[in-house]
Structure formats: C-alpha cells, structure tokens
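I have placed the structure first, in the form of structure tokens, so that the comments after it can refer back to it.
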Amino acid sequence: MIIYLTLFLIATILYFSANRKTPSIGYYIFIGLLILVSGFRDMIGGYDVYIYGEVYEYINKYTYLRSTFEKGFIAYFIGLNYINGQREFMFFITALIMVLLHFYTIKKYSPILYMSAFIFFCKFFLMSFVYLRQGLAMGLVWLSIRYVIQKRYMPFVCIVLLAFFMHKSAILFLPFIVIAHKKLGPYQLFLITTASFIIAISPLGQLILNYFIEGIDYAKLNIYGEKFTAINVFYLLEAVLLAYLALKFRKHFYQSTPTIVIFNGFLLYVLIILISLTNATFVRLAWVFFIFVVVALPYMYTFITDFKLQRTFKIAIFVYYTFVFFRLLTVFDGGDFMPYKSIFQDFNRNGQWEFMEYR
C-alpha cells in the first residue's frame with residue numbers, strides 16, 4: 001500500500017504544481033518510478049498475468065499457430081524470448097514500452113502536462129498491470145494521432161493495423177479518421193448521446209455488440225458479450241458528466257484542427273461508454289480513446305477564464321480521479337492489487353490468483 005500511496009502523492013504534488021507543458025526532473029522521476037513499480041511487480045494483475053507468464057515461458061514455434069492471442073502479440077513474445085525467457089524480463093520490458101509510449105503521447109498533446117499525467121495515472125496505471133496486450137496496442141495506436149490531424153491516411157491505417165495485431169480492440173480507432181475533423185452542433189451532440197444511451201438500455205445495444213464481436217471473430221469477446229447486467233451507475237455518471245463538458249466546451253475546441261480531433265476523440269470515448277453501460281467488461285473498448293480524455297480535460301481547464309471557476313474545476317477533477325484510483329485499488333478483483341510485492345521480495349501476499357502459479 002505504501003508504494004501506491006507514494007506514487008499517488010507524487011502525482012498529486014505534480015498536479016498542484018505550476019501549470020506547464022514542459023516536463024521537470026520530478027516528472028521524469030515519476031515516470032521512472034511507474035516503470036519500476038509496474039515492471040518489477042510480482043504477479044500482480046489478476047488471472048491474465050499468470051496466463052501471460054506461462055505462455056511466455058513455455059512459448060515455442062507452435063504457439064504462434066495455436067494461441068488465441070493476437071499474432072502480433074505472440075510475435076512480440078517470441079522476439080523477447082530470444083533475449084531472455086524469464087517472465088520477469090517480459091513484464092519489465094512490457095511495462096517500459098507501455099509507459100514510455102503512453103507518456104510520449106501525453107507530452108506531445110497535453111496543454112497541461114501534470115494534469116494529464118495525474119488523470120492517466122489514476123485511471124490506467126493499475127490497469128496496465130492487467131491489460132498488457134491492450135496497453136501496448138493503445139501506445140501504438142496513439143502514435144497515429146498525428147496522421148489523423150494531418151489527414152495522412154496511409155500511415156494512419158498502417159499503425160492502426162499494427163496495433164490491431166497486438167490487440168483487436170485497436171480496430172475501433174480505424175473509423176476515427178472519417179469523423180475526426182467533423183464539427184457537430186449542440187443539438188447533434190445531444191441527439192447522438194441520447195441515442196447512444198437508448199441503444200445501451202435496449203436489445204439493440206446487445207445486437208450491435210454481438211455484430212461487432214462476429215465481425216472481428218474474437219473468441220474472448222464472445223464470452224464478454226454474454227455478461228450483460230443492469231446499468232453500471234458509475235460509468236453512467238462518468239458518461240453524463242463528460243457529455244455535459246463536451247456540450248459546454250464544444251465551441252472552444254472547434255478553433256483549431258488539433259483540438260477538433262481531440263474533441264471528437266473525447267466524444268467517441270463518451271459514446272462507447274454509453275453504448276456499453278450494461279456490460280462493464282465491454283467498457284474497456286473505450287480505452288483506445290482514453291488519451292483524448294487525458295488531453296481534453298486540461299484543455300477545458302485552459303478555456304475557463306474565471307479564476308474561481310478554474311480552481312473549482314481543477315479540484316473537481318482531482319477529487320473525481322482520486323476516487324477512481326482508490327476505487328480501483330480497493331475494489332478491482334477484491335483488492336488484489338494489495339499488498340504490493342516486487343520480484344525482489346520474499347513473502348506470501350495471499351493473492352486470490354496464486355493458485356494458478358505454474359512454477
């Protein structure tokens with residue numbers, strides 16, 4: 001717990017530091033600590049972590065043909081395995097690549113670096129322990145944003161397809177190039193968000209998700225597609241708040257090409273959450289557009305001219321994402337992120353998935 005609290009404290013100090021776009025030494029120290037904490041963790045991250053570890057350590061030439069993982073991800077495993085066959089090496093290199101790719105994009109597009117870093121840390125850092133394939137795919141697909149802004153379709157498609165072979169959810173980014181530069185009116189935004197909510201709570205929502213599953217032929221998503229439940233109130237609240245902010249700041253984003261693209265990516269994140277309200281697992285498909293939330297919220301902060309409102313907005317963002325972080329830490333997998341244990345420590349953390357240890 002102390003490790004997580006230390007990281008959160010550093011992120012908080014950065015968050016309330018002077019607004020800046022250029023990084024300080026403290027920022028780079030923070031990134032380094034994220035890499036070390038994530039990379040040297042000892043089998044923390046749930047069921048999938050043990051599967052990744054076992055596949056990596058027992059990988060062979062037949063795995064490429066038989067594995068249910070994406071071919072690009074297996075190729076990545078095979079390449080790493082030639083260097084070192086221990087799972088500890090794989091987890092560290094994966095954490096290194098993931099963190100560097102993610103924070104490269106944050107630095108490139110955020111108007112307030114520390115605010116974006118805090119939002120990203122609170123929402124995704126812990127999940128990066130779990131979502132190895134998706135985290136790598138996110139880092140790759142976000143490299144294509146520059147080509148979306150420049151309307152360079154060929155490199156954009158190539159990067160998205162590369163990410164698709166790392167995790168199939170990346171294919172959701174492909175249609176983005178078509179709508180990235182569109183300007184929507186307030187009534188259009190209202191109708192789209194309302195329609196998305198109606199679709200989510202109707203049988204049509206399940207039909208659309210099932211069609212998507214069949215379209216990419218992904219066996220694991222077929223399992224997820226069956227997990228329809230009642231409306232997830234937490235995600236509904238998030239979607240409503242973000243949709244409100246989209247309506248409020250729409251005109252400000254429509255002043256330049258980069259911010260138009262950022263706004264439309266932000267809107268797609270909201271729409272995916274709305275459509276997936278009855279399936280908490282499917283909400284993870286929105287991760288590919290999460291970078292736009294990370295970048296758009298600081299832009300909204302800069303659009304506010306009243307100092308008191310600006311301060312209130314910043315505090316509200318801090319409170320909300322603090323809640324998100326500690327909720328993930330204590331609730332996800334029954335709090336299985338705790339206690340933190342590194343590969344250099346020798347104690348029994350009594351994790352609920354330790355029965356899957358194959359060594």
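Each chain in the structure tokens gets a letter, A, B, ..., in the order shown, and its residues are numbered from 1; ligands are numbered from 1 in order too.
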
Contacts of Phe332 in chain A at 12 Å or less, counting only C-alpha atoms, minus same-chain residues fewer than 2 places along, as number ranges by chain?
-> A: 44-46, 126-127, 129-130, 324-330, 334-338, 352

Could you pull the residues within 10 Å of Leu36 in chain A, counting only C-alpha atoms, minus those fewer than 4 positions along the same chain, as a PyMOL selection string?
-> chain A and resi 30-32+40-41+92+95-96+342

Within 8 Å of Lys314 in chain A, counting only C-alpha atoms, which residues qualify if same-chain residues fewer than 4 places away don't, as a ChimeraX atom specification?
-> /A:301,310,318

Using only all heavy atoms, please write the residues we just selected to a file, as a CSV table (one decimal), in the first residue's frame.
chain,number,residue,atom,x,y,z
A,301,TYR,N,-9.8,23.1,-18.9
A,301,TYR,CA,-9.3,24.0,-17.8
A,301,TYR,C,-8.7,25.3,-18.3
A,301,TYR,O,-9.0,26.4,-17.8
A,301,TYR,CB,-8.2,23.2,-17.0
A,301,TYR,CG,-7.5,24.0,-15.9
A,301,TYR,CD1,-8.1,24.2,-14.7
A,301,TYR,CD2,-6.3,24.6,-16.2
A,301,TYR,CE1,-7.4,24.9,-13.7
A,301,TYR,CE2,-5.6,25.4,-15.2
A,301,TYR,CZ,-6.2,25.5,-14.0
A,301,TYR,OH,-5.6,26.3,-13.0
A,310,GLN,N,-12.0,28.2,-12.5
A,310,GLN,CA,-10.9,27.4,-12.9
A,310,GLN,C,-10.4,26.5,-11.8
A,310,GLN,O,-10.1,25.3,-11.9
A,310,GLN,CB,-9.8,28.3,-13.4
A,310,GLN,CG,-8.8,27.6,-14.4
A,310,GLN,CD,-7.8,28.6,-14.9
A,310,GLN,OE1,-7.2,29.4,-14.2
A,310,GLN,NE2,-7.6,28.6,-16.2
A,318,PHE,N,-9.5,16.6,-9.6
A,318,PHE,CA,-8.7,15.9,-8.6
A,318,PHE,C,-9.5,15.0,-7.7
A,318,PHE,O,-9.1,13.8,-7.5
A,318,PHE,CB,-8.0,16.9,-7.7
A,318,PHE,CG,-7.2,16.3,-6.6
A,318,PHE,CD1,-6.0,15.7,-6.9
A,318,PHE,CD2,-7.7,16.3,-5.3
A,318,PHE,CE1,-5.2,15.1,-5.8
A,318,PHE,CE2,-7.0,15.7,-4.3
A,318,PHE,CZ,-5.7,15.1,-4.5

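If you count only C-alpha atoms and ignore residues fewer than 5 places along the chain from range 264-275 of chain A, what sits within 6 Å of it is Ala180, Ser196, Phe197, Ala200, Ala239, Val283, Ala286, Phe289, Phe292 and Val293 of chain A.
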
Residues within 9 Å of range 6-9 of chain A, only C-alpha atoms, excluding chain neighbours under 6 positions, as a PyMOL selection string | chain A and resi 30+33-34+118+121-122+322+325

Given the selection you just returned, output its residues as a file containing N, CA, C and O atoms, formatted as an mmCIF file, in the first residue's frame.
data_model
loop_
_atom_site.group_PDB
_atom_site.id
_atom_site.type_symbol
_atom_site.label_atom_id
_atom_site.label_comp_id
_atom_site.auth_asym_id
_atom_site.auth_seq_id
_atom_site.Cartn_x
_atom_site.Cartn_y
_atom_site.Cartn_z
ATOM 1 N N PHE A 30 8.984 10.590 -11.727
ATOM 2 C CA PHE A 30 7.670 9.949 -11.599
ATOM 3 C C PHE A 30 7.505 8.851 -12.648
ATOM 4 O O PHE A 30 7.094 7.724 -12.331
ATOM 5 N N LEU A 33 9.627 5.870 -11.785
ATOM 6 C CA LEU A 33 9.047 5.074 -10.705
ATOM 7 C C LEU A 33 7.880 4.220 -11.204
ATOM 8 O O LEU A 33 7.710 3.073 -10.767
ATOM 9 N N LEU A 34 7.085 4.770 -12.108
ATOM 10 C CA LEU A 34 5.985 3.985 -12.677
ATOM 11 C C LEU A 34 6.518 2.749 -13.396
ATOM 12 O O LEU A 34 5.956 1.650 -13.279
ATOM 13 N N PHE A 118 -1.645 13.070 -14.063
ATOM 14 C CA PHE A 118 -2.425 12.658 -12.894
ATOM 15 C C PHE A 118 -3.660 11.866 -13.314
ATOM 16 O O PHE A 118 -3.956 10.806 -12.746
ATOM 17 N N PHE A 121 -2.573 8.456 -14.650
ATOM 18 C CA PHE A 121 -2.106 7.597 -13.563
ATOM 19 C C PHE A 121 -3.278 7.021 -12.774
ATOM 20 O O PHE A 121 -3.335 5.815 -12.512
ATOM 21 N N CYS A 122 -4.209 7.867 -12.392
ATOM 22 C CA CYS A 122 -5.326 7.417 -11.556
ATOM 23 C C CYS A 122 -6.230 6.421 -12.269
ATOM 24 O O CYS A 122 -6.734 5.480 -11.655
ATOM 25 N N THR A 322 -9.146 10.935 -7.938
ATOM 26 C CA THR A 322 -8.667 10.323 -6.697
ATOM 27 C C THR A 322 -9.597 9.189 -6.292
ATOM 28 O O THR A 322 -9.152 8.097 -5.915
ATOM 29 N N PHE A 325 -8.996 6.219 -8.580
ATOM 30 C CA PHE A 325 -7.776 5.478 -8.256
ATOM 31 C C PHE A 325 -7.980 4.558 -7.056
ATOM 32 O O PHE A 325 -7.655 3.363 -7.113
#

Hey, what's within 9 Å of Ile97 in chain A if we count only C-alpha atoms and toss same-chain stuff fewer than 3 positions away? As an MDAnalysis selection string, please?
-> chainID A and resid 35 92:94 100:102 136 139

File of the preceding selection, N, CA and C atoms, as an mmCIF file, in the first residue's frame:
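Ended up saving to selection.cif:
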data_model
loop_
_atom_site.group_PDB
_atom_site.id
_atom_site.type_symbol
_atom_site.label_atom_id
_atom_site.label_comp_id
_atom_site.auth_asym_id
_atom_site.auth_seq_id
_atom_site.Cartn_x
_atom_site.Cartn_y
_atom_site.Cartn_z
ATOM 1 N N ILE A 35 7.593 2.934 -14.139
ATOM 2 C CA ILE A 35 8.197 1.805 -14.859
ATOM 3 C C ILE A 35 8.714 0.761 -13.880
ATOM 4 N N PHE A 92 8.899 -6.600 -17.271
ATOM 5 C CA PHE A 92 9.616 -5.331 -17.152
ATOM 6 C C PHE A 92 9.690 -4.610 -18.498
ATOM 7 N N ILE A 93 10.072 -5.324 -19.545
ATOM 8 C CA ILE A 93 10.184 -4.698 -20.868
ATOM 9 C C ILE A 93 8.826 -4.198 -21.347
ATOM 10 N N THR A 94 7.782 -4.969 -21.074
ATOM 11 C CA THR A 94 6.438 -4.553 -21.474
ATOM 12 C C THR A 94 6.021 -3.284 -20.738
ATOM 13 N N LEU A 100 6.475 4.383 -21.616
ATOM 14 C CA LEU A 100 7.139 5.359 -22.487
ATOM 15 C C LEU A 100 6.244 5.769 -23.654
ATOM 16 N N LEU A 101 5.557 4.813 -24.257
ATOM 17 C CA LEU A 101 4.656 5.140 -25.364
ATOM 18 C C LEU A 101 3.503 6.024 -24.896
ATOM 19 N N HIS A 102 2.905 5.662 -23.777
ATOM 20 C CA HIS A 102 1.761 6.422 -23.276
ATOM 21 C C HIS A 102 2.153 7.857 -22.917
ATOM 22 N N LEU A 136 -0.272 -2.123 -24.785
ATOM 23 C CA LEU A 136 0.683 -1.974 -25.882
ATOM 24 C C LEU A 136 -0.014 -1.462 -27.144
ATOM 25 N N GLY A 139 -0.697 2.237 -26.831
ATOM 26 C CA GLY A 139 0.503 3.028 -27.071
ATOM 27 C C GLY A 139 0.830 3.145 -28.546
#

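Remark: for Gly72 in chain A, the closest of the candidate residues A:Arg87, A:Ile51, A:Leu161, A:Met166 is A:Met166 (distances computed over only C-alpha atoms).
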
Of the candidates A:Leu113, A:Thr257, A:Ile149, A:Met300, which shows the shortest atom-to-atom distance to Ser17 in chain A, using only C-alpha atoms?
->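 Smallest distance to Ser17 in chain A is found for A:Leu113.
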